[in-house]
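**Q** Please see the structure below; I have some questions.
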Amino acid sequence: MSAELDQECPAALADEQRTSDVLAAFRADLPQGRVALAHLIAALGDRSLGTVLLALALPTIAPVPLGVSVLCDLPLFLFSLRLLFGKRDAVLPAWLLHRSVSRDNAARMLDAVMPRLLWIEAMLKPRLPRLAHVDGERWFGVLIFVLITICIVPVPLMGWLPGFALVLISLGLIERDGGAIGVGLLLSVAAVVAAVVLVSGLSYAGHELLSNEPIP
């Protein structure tokens with residue numbers, strides 16, 4: 001009997017692990033050299049849609065150098081194209097899984113993400129099953145594509161709001177928390193409105209600047 005309990009305990013503990021626990025363990029034992037996307041996905045435990053989306057979205061809420069940001073944006077954009085065309089298997093090609101950053105940059109990103117992730121996780125629990133399975137809806141791929149497109153626009157701070165929406169939605173999918181997904185959808189609407197207002201404002205300012213003739 002005790003042997004059976006010993007065998008069941010590790011499995012039970014694994015089930016109780018939160019995403020932040022897994023990432024903390026990964027941060028404590030980062031691969032030597034460069035850290036690839038495949039390493040992060042393997043550490044998170046599976047290839048489900050929520051897990052892959054989380055792995056790709058985490059850098060959007062971390063203050064990283066421009067070069068690292070661009071490196072992370074490419075897999076995110078290509079993944080959004082897969083969702084846009086209805087591919088929900090979340091399987092990424094090998095060349096994409098091997099996109100990597102230096103060990104130091106990976107550590108800095110994880111350190112920056114962890115407080116935000118802990119704050120979000122404190123509110124997660126399985127609920128609202130209709131919203132919790134929103135990834136099965138046709139419009140879901142369009143939404144993720146729009147959010148990711150806003151994230152990669154090279155305008156300072158524009159990517160943070162859609163980035164938080166993506167992280168909330170992905171964690172909601174992992175935990176099947178419809179509440180988190182609902183908040184993520186509201187943030188998505190706010191992100192789209194903010195992006196439209198900001199781009200319109202910049203466009204108007206640029207037009208006014210170019211249309212004003214220099215004073216002789």
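Just remember, in the structure tokens the first chain shown is A, the second B, etc., residues are 1-based per chain, and ligands are 1-based in the order shown.
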So that I can see what lies close to Val193 (chain A), please list as a ChimeraX atom specification the residues with an atom at most 12 Å from it, counting only C-alpha atoms and leaving out residues fewer than 3 positions away in the same chain.
**A** /A:146-147,150,158,161-162,186-190,196-200
**Q** Extract the full set of strand (DSSP E or B) residues from region 82-181 of chain A according to DSSP on the backbone, and format it as a PyMOL selection string.
**A** chain A and resi 100-102+127+177
**Q** Write out as number ranges by chain which residues come within 7 Å of Arg176 (chain A) when counting only C-alpha atoms, dropping same-chain ones fewer than 6 positions away.
**A** A: 126-127, 132
**Q** Since we have the selection now, will you write its residues out, keeping C-alpha atoms, as a short mmCIF file (atom, residue, chain, number, x, y, z; two decimals), in the first residue's frame?
**A**
data_model
loop_
_atom_site.label_atom_id
_atom_site.label_comp_id
_atom_site.auth_asym_id
_atom_site.auth_seq_id
_atom_site.Cartn_x
_atom_site.Cartn_y
_atom_site.Cartn_z
CA PRO A 126 -11.21 26.05 -13.70
CA ARG A 127 -14.50 27.86 -14.41
CA ALA A 132 -12.58 27.95 -21.33
#
**Q** Leaving out region 55-58 of chain A and any residue of its chain fewer than 2 positions from it, which residues lie within 7 Å of it when counting only C-alpha atoms, given as a list of chain:residue names?
**A**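 The residues that qualify are A:Leu40, A:Ile41, A:Thr51, A:Val52, A:Leu53, A:Thr60, A:Ile61, A:Ala62, A:Leu76, A:Val113, A:Gly163, A:Leu166, A:Val167.
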**Q** The selected residues should be written to file as a PDB file, in the first residue's frame (atoms: all heavy atoms).
**A**
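Contents of the output file part11.pdb:
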ATOM      1  N   LEU A  40      12.129  25.588 -23.841  1.00  0.00           N
ATOM      2  CA  LEU A  40      11.062  26.161 -23.019  1.00  0.00           C
ATOM      3  C   LEU A  40       9.782  25.342 -23.133  1.00  0.00           C
ATOM      4  O   LEU A  40       9.128  25.048 -22.126  1.00  0.00           O
ATOM      5  CB  LEU A  40      10.800  27.605 -23.447  1.00  0.00           C
ATOM      6  CG  LEU A  40       9.694  28.345 -22.698  1.00  0.00           C
ATOM      7  CD1 LEU A  40       9.953  28.363 -21.202  1.00  0.00           C
ATOM      8  CD2 LEU A  40       9.553  29.771 -23.232  1.00  0.00           C
ATOM      9  N   ILE A  41       9.423  24.951 -24.358  1.00  0.00           N
ATOM     10  CA  ILE A  41       8.205  24.170 -24.552  1.00  0.00           C
ATOM     11  C   ILE A  41       8.317  22.816 -23.861  1.00  0.00           C
ATOM     12  O   ILE A  41       7.378  22.337 -23.221  1.00  0.00           O
ATOM     13  CB  ILE A  41       7.900  24.005 -26.054  1.00  0.00           C
ATOM     14  CG1 ILE A  41       7.525  25.367 -26.653  1.00  0.00           C
ATOM     15  CG2 ILE A  41       6.774  22.992 -26.283  1.00  0.00           C
ATOM     16  CD1 ILE A  41       7.322  25.351 -28.150  1.00  0.00           C
ATOM     17  N   THR A  51       0.012  26.014 -24.099  1.00  0.00           N
ATOM     18  CA  THR A  51       1.413  25.979 -23.694  1.00  0.00           C
ATOM     19  C   THR A  51       2.309  26.631 -24.732  1.00  0.00           C
ATOM     20  O   THR A  51       3.184  27.435 -24.395  1.00  0.00           O
ATOM     21  CB  THR A  51       1.858  24.524 -23.465  1.00  0.00           C
ATOM     22  OG1 THR A  51       1.098  23.966 -22.403  1.00  0.00           O
ATOM     23  CG2 THR A  51       3.336  24.442 -23.129  1.00  0.00           C
ATOM     24  N   VAL A  52       2.103  26.292 -25.997  1.00  0.00           N
ATOM     25  CA  VAL A  52       2.932  26.876 -27.052  1.00  0.00           C
ATOM     26  C   VAL A  52       2.676  28.378 -27.157  1.00  0.00           C
ATOM     27  O   VAL A  52       3.616  29.169 -27.288  1.00  0.00           O
ATOM     28  CB  VAL A  52       2.665  26.176 -28.405  1.00  0.00           C
ATOM     29  CG1 VAL A  52       3.450  26.856 -29.522  1.00  0.00           C
ATOM     30  CG2 VAL A  52       3.047  24.710 -28.330  1.00  0.00           C
ATOM     31  N   LEU A  53       1.416  28.769 -27.067  1.00  0.00           N
ATOM     32  CA  LEU A  53       1.100  30.190 -27.128  1.00  0.00           C
ATOM     33  C   LEU A  53       1.739  30.943 -25.961  1.00  0.00           C
ATOM     34  O   LEU A  53       2.269  32.047 -26.133  1.00  0.00           O
ATOM     35  CB  LEU A  53      -0.422  30.385 -27.114  1.00  0.00           C
ATOM     36  CG  LEU A  53      -0.927  31.829 -27.217  1.00  0.00           C
ATOM     37  CD1 LEU A  53      -0.420  32.492 -28.488  1.00  0.00           C
ATOM     38  CD2 LEU A  53      -2.452  31.869 -27.174  1.00  0.00           C
ATOM     39  N   THR A  60       6.720  39.018 -24.905  1.00  0.00           N
ATOM     40  CA  THR A  60       6.027  40.274 -25.213  1.00  0.00           C
ATOM     41  C   THR A  60       5.778  41.115 -23.974  1.00  0.00           C
ATOM     42  O   THR A  60       5.531  42.320 -24.091  1.00  0.00           O
ATOM     43  CB  THR A  60       4.677  40.006 -25.919  1.00  0.00           C
ATOM     44  OG1 THR A  60       3.793  39.322 -25.018  1.00  0.00           O
ATOM     45  CG2 THR A  60       4.877  39.183 -27.174  1.00  0.00           C
ATOM     46  N   ILE A  61       5.816  40.517 -22.780  1.00  0.00           N
ATOM     47  CA  ILE A  61       5.594  41.293 -21.557  1.00  0.00           C
ATOM     48  C   ILE A  61       6.890  41.446 -20.763  1.00  0.00           C
ATOM     49  O   ILE A  61       6.866  41.865 -19.612  1.00  0.00           O
ATOM     50  CB  ILE A  61       4.502  40.672 -20.673  1.00  0.00           C
ATOM     51  CG1 ILE A  61       4.890  39.278 -20.176  1.00  0.00           C
ATOM     52  CG2 ILE A  61       3.177  40.619 -21.411  1.00  0.00           C
ATOM     53  CD1 ILE A  61       3.943  38.715 -19.118  1.00  0.00           C
ATOM     54  N   ALA A  62       8.002  41.110 -21.394  1.00  0.00           N
ATOM     55  CA  ALA A  62       9.303  41.267 -20.741  1.00  0.00           C
ATOM     56  C   ALA A  62      10.089  42.354 -21.459  1.00  0.00           C
ATOM     57  O   ALA A  62      10.127  42.389 -22.690  1.00  0.00           O
ATOM     58  CB  ALA A  62      10.078  39.947 -20.778  1.00  0.00           C
ATOM     59  N   LEU A  76       6.338  33.924 -33.106  1.00  0.00           N
ATOM     60  CA  LEU A  76       4.993  34.302 -32.679  1.00  0.00           C
ATOM     61  C   LEU A  76       4.120  34.627 -33.881  1.00  0.00           C
ATOM     62  O   LEU A  76       2.966  34.188 -33.975  1.00  0.00           O
ATOM     63  CB  LEU A  76       5.082  35.510 -31.743  1.00  0.00           C
ATOM     64  CG  LEU A  76       3.822  35.923 -30.983  1.00  0.00           C
ATOM     65  CD1 LEU A  76       3.349  34.798 -30.079  1.00  0.00           C
ATOM     66  CD2 LEU A  76       4.088  37.179 -30.163  1.00  0.00           C
ATOM     67  N   VAL A 113       9.478  38.284 -16.333  1.00  0.00           N
ATOM     68  CA  VAL A 113       8.134  37.738 -16.512  1.00  0.00           C
ATOM     69  C   VAL A 113       7.554  37.193 -15.207  1.00  0.00           C
ATOM     70  O   VAL A 113       6.344  37.291 -14.960  1.00  0.00           O
ATOM     71  CB  VAL A 113       8.165  36.626 -17.587  1.00  0.00           C
ATOM     72  CG1 VAL A 113       6.943  35.737 -17.515  1.00  0.00           C
ATOM     73  CG2 VAL A 113       8.277  37.245 -18.974  1.00  0.00           C
ATOM     74  N   GLY A 163       0.146  41.878 -25.325  1.00  0.00           N
ATOM     75  CA  GLY A 163       0.980  40.831 -24.745  1.00  0.00           C
ATOM     76  C   GLY A 163       0.361  40.252 -23.490  1.00  0.00           C
ATOM     77  O   GLY A 163       0.311  39.029 -23.309  1.00  0.00           O
ATOM     78  N   LEU A 166      -2.540  38.078 -24.474  1.00  0.00           N
ATOM     79  CA  LEU A 166      -2.107  36.767 -24.964  1.00  0.00           C
ATOM     80  C   LEU A 166      -1.711  35.841 -23.815  1.00  0.00           C
ATOM     81  O   LEU A 166      -2.047  34.651 -23.816  1.00  0.00           O
ATOM     82  CB  LEU A 166      -0.934  36.935 -25.937  1.00  0.00           C
ATOM     83  CG  LEU A 166      -1.263  37.498 -27.313  1.00  0.00           C
ATOM     84  CD1 LEU A 166       0.008  37.871 -28.061  1.00  0.00           C
ATOM     85  CD2 LEU A 166      -2.072  36.483 -28.130  1.00  0.00           C
ATOM     86  N   VAL A 167      -0.978  36.378 -22.840  1.00  0.00           N
ATOM     87  CA  VAL A 167      -0.556  35.559 -21.701  1.00  0.00           C
ATOM     88  C   VAL A 167      -1.766  35.110 -20.882  1.00  0.00           C
ATOM     89  O   VAL A 167      -1.861  33.948 -20.464  1.00  0.00           O
ATOM     90  CB  VAL A 167       0.448  36.333 -20.814  1.00  0.00           C
ATOM     91  CG1 VAL A 167       0.704  35.593 -19.513  1.00  0.00           C
ATOM     92  CG2 VAL A 167       1.768  36.531 -21.563  1.00  0.00           C
TER      93      VAL A 167
END
**Q** Contacts of Phe79 (chain A) at 12 Å or less, counting only C-alpha atoms, minus same-chain residues fewer than 6 places along, as a list in words?
**A**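 That gives Leu49, Val52, Leu53, Leu54, Ala55, Leu56, Ala57, Cys72, Asp73, Phe85, Gly86, Lys87, Arg88, Asp89, Ala90, Val91, Leu92, Pro93, Leu96, Leu97, Gly141, Val142, Ile144, Phe145, Ile148 and Thr149 of chain A.
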